[in-house]
Amino acid sequence: MNNKMIDVKLIRIVTGEEIIAEVLSETDDSITVQNGLVVLPSAQGVGFAPWATVISKDDPEITMSKKHVVYVVATQDDVAQKYNEMFGSKLVTPSPKKLIV
């Protein structure tokens, strides 16, 4: 079993979509990702939906030209944790305990 946490990134593309995905590789001209989720803002915060819903499950990698990418940044810790629960090692990092005196 793979116990490694996936390196999850938030990718904004020129269409305005924000995608959370595992970055597999990156060159000067392209970026390759898998298991992309599109971020859906709502009144309750944000939700997620599959990105590229009809992609082959046997070949889930998507390579994008960087000319379509606005930025690539790290996600919030809780988002990365949830993503890893869904697609990664299934490891859950416990919340720090607080002592109330």
# chains A, B, ... in the order shown; residues from 1 in each chain; ligands from 1

$ residues_around --residues "range 50-65 of chain A" --least-positions-apart "4" --cutoff "7 Å" --atoms "only C-alpha atoms" --output "PDB file with N, CA and C atoms, in the first residue's frame"
ATOM      1  N   ASP A  29       6.541  23.981 -20.987  1.00  0.00           N
ATOM      2  CA  ASP A  29       5.400  24.224 -21.874  1.00  0.00           C
ATOM      3  C   ASP A  29       4.094  23.557 -21.465  1.00  0.00           C
ATOM      4  N   SER A  30       4.159  22.532 -20.581  1.00  0.00           N
ATOM      5  CA  SER A  30       2.930  21.789 -20.259  1.00  0.00           C
ATOM      6  C   SER A  30       2.932  21.309 -18.813  1.00  0.00           C
ATOM      7  N   ILE A  31       1.740  20.905 -18.393  1.00  0.00           N
ATOM      8  CA  ILE A  31       1.555  20.334 -17.068  1.00  0.00           C
ATOM      9  C   ILE A  31       0.627  19.131 -17.220  1.00  0.00           C
ATOM     10  N   THR A  32       0.980  18.011 -16.576  1.00  0.00           N
ATOM     11  CA  THR A  32       0.174  16.796 -16.655  1.00  0.00           C
ATOM     12  C   THR A  32      -0.400  16.499 -15.278  1.00  0.00           C
ATOM     13  N   VAL A  33      -1.730  16.282 -15.252  1.00  0.00           N
ATOM     14  CA  VAL A  33      -2.443  16.056 -13.991  1.00  0.00           C
ATOM     15  C   VAL A  33      -3.324  14.823 -14.112  1.00  0.00           C
ATOM     16  N   GLN A  34      -3.821  14.376 -12.964  1.00  0.00           N
ATOM     17  CA  GLN A  34      -4.848  13.326 -12.959  1.00  0.00           C
ATOM     18  C   GLN A  34      -5.787  13.572 -11.791  1.00  0.00           C
ATOM     19  N   ASN A  35      -6.959  12.928 -11.853  1.00  0.00           N
ATOM     20  CA  ASN A  35      -7.991  13.020 -10.823  1.00  0.00           C
ATOM     21  C   ASN A  35      -8.388  14.464 -10.520  1.00  0.00           C
ATOM     22  N   GLY A  36      -8.634  15.216 -11.586  1.00  0.00           N
ATOM     23  CA  GLY A  36      -9.007  16.617 -11.434  1.00  0.00           C
ATOM     24  C   GLY A  36     -10.420  16.792 -10.904  1.00  0.00           C
ATOM     25  N   LEU A  37     -10.556  17.765 -10.010  1.00  0.00           N
ATOM     26  CA  LEU A  37     -11.860  18.174  -9.491  1.00  0.00           C
ATOM     27  C   LEU A  37     -12.012  19.665  -9.754  1.00  0.00           C
ATOM     28  N   VAL A  38     -13.155  20.076 -10.265  1.00  0.00           N
ATOM     29  CA  VAL A  38     -13.407  21.490 -10.465  1.00  0.00           C
ATOM     30  C   VAL A  38     -14.013  22.053  -9.185  1.00  0.00           C
TER      31      VAL A  38
END

$ select_by_dssp --residues "chain A" --states "alpha helix (DSSP H)" --output "list in words"
Asp77, Asp78, Val79, Ala80, Gln81, Lys82, Tyr83, Asn84, Glu85, Met86 and Phe87 of chain A

$ write_last_selection --atoms "C-alpha atoms" --output "PDB file, in the first residue's frame"
ATOM      1  CA  ASP A  77      -4.410  21.839   4.214  1.00  0.00           C
ATOM      2  CA  ASP A  78      -8.001  20.657   4.728  1.00  0.00           C
ATOM      3  CA  VAL A  79      -8.584  20.500   0.963  1.00  0.00           C
ATOM      4  CA  ALA A  80      -5.393  18.488   0.429  1.00  0.00           C
ATOM      5  CA  GLN A  81      -6.414  16.168   3.279  1.00  0.00           C
ATOM      6  CA  LYS A  82      -9.842  15.514   1.744  1.00  0.00           C
ATOM      7  CA  TYR A  83      -8.317  14.964  -1.710  1.00  0.00           C
ATOM      8  CA  ASN A  84      -5.880  12.416  -0.268  1.00  0.00           C
ATOM      9  CA  GLU A  85      -8.768  10.628   1.448  1.00  0.00           C
ATOM     10  CA  MET A  86     -10.515  10.375  -1.942  1.00  0.00           C
ATOM     11  CA  PHE A  87      -7.614   9.582  -4.292  1.00  0.00           C
TER      12      PHE A  87
END

$ select_by_dssp --residues "chain A" --states "strand (DSSP E or B)" --output "number ranges by chain"
A: 8-13, 18-26, 30-42, 45-50, 62-65, 69-74

$ write_last_selection --atoms "C-alpha atoms" --output "CSV table (one decimal), in the first residue's frame"
chain,number,residue,atom,x,y,z
A,8,VAL,CA,-2.3,18.4,-4.5
A,9,LYS,CA,-2.3,21.7,-6.4
A,10,LEU,CA,-4.9,24.3,-7.3
A,11,ILE,CA,-4.7,25.2,-11.0
A,12,ARG,CA,-6.5,28.2,-12.4
A,13,ILE,CA,-7.0,28.0,-16.2
A,18,GLU,CA,-10.1,26.3,-10.7
A,19,ILE,CA,-9.1,22.7,-10.7
A,20,ILE,CA,-7.7,20.7,-7.8
A,21,ALA,CA,-5.5,17.8,-9.0
A,22,GLU,CA,-2.5,15.7,-8.6
A,23,VAL,CA,0.4,17.1,-10.7
A,24,LEU,CA,2.2,14.2,-12.2
A,25,SER,CA,4.8,16.2,-14.3
A,26,GLU,CA,5.6,19.7,-15.4
A,30,SER,CA,2.9,21.8,-20.3
A,31,ILE,CA,1.6,20.3,-17.1
A,32,THR,CA,0.2,16.8,-16.7
A,33,VAL,CA,-2.4,16.1,-14.0
A,34,GLN,CA,-4.8,13.3,-13.0
A,35,ASN,CA,-8.0,13.0,-10.8
A,36,GLY,CA,-9.0,16.6,-11.4
A,37,LEU,CA,-11.9,18.2,-9.5
A,38,VAL,CA,-13.4,21.5,-10.5
A,39,VAL,CA,-14.0,23.9,-7.6
A,40,LEU,CA,-17.7,25.0,-7.4
A,41,PRO,CA,-18.3,28.1,-5.1
A,42,SER,CA,-21.6,28.0,-3.3
A,45,GLY,CA,-18.5,27.6,0.9
A,46,VAL,CA,-17.1,25.4,-1.9
A,47,GLY,CA,-17.9,22.1,-3.4
A,48,PHE,CA,-16.2,19.9,-5.9
A,49,ALA,CA,-17.3,18.0,-9.0
A,50,PRO,CA,-15.3,15.8,-11.4
A,62,ILE,CA,-4.5,15.1,-18.9
A,63,THR,CA,-1.7,17.2,-20.3
A,64,MET,CA,-2.5,20.9,-20.6
A,65,SER,CA,-0.5,23.6,-22.4
A,69,VAL,CA,-2.7,28.0,-17.1
A,70,VAL,CA,-3.0,31.2,-15.1
A,71,TYR,CA,-1.4,29.9,-11.9
A,72,VAL,CA,-0.5,26.7,-10.0
A,73,VAL,CA,-0.5,27.0,-6.1
A,74,ALA,CA,-0.7,24.8,-3.1
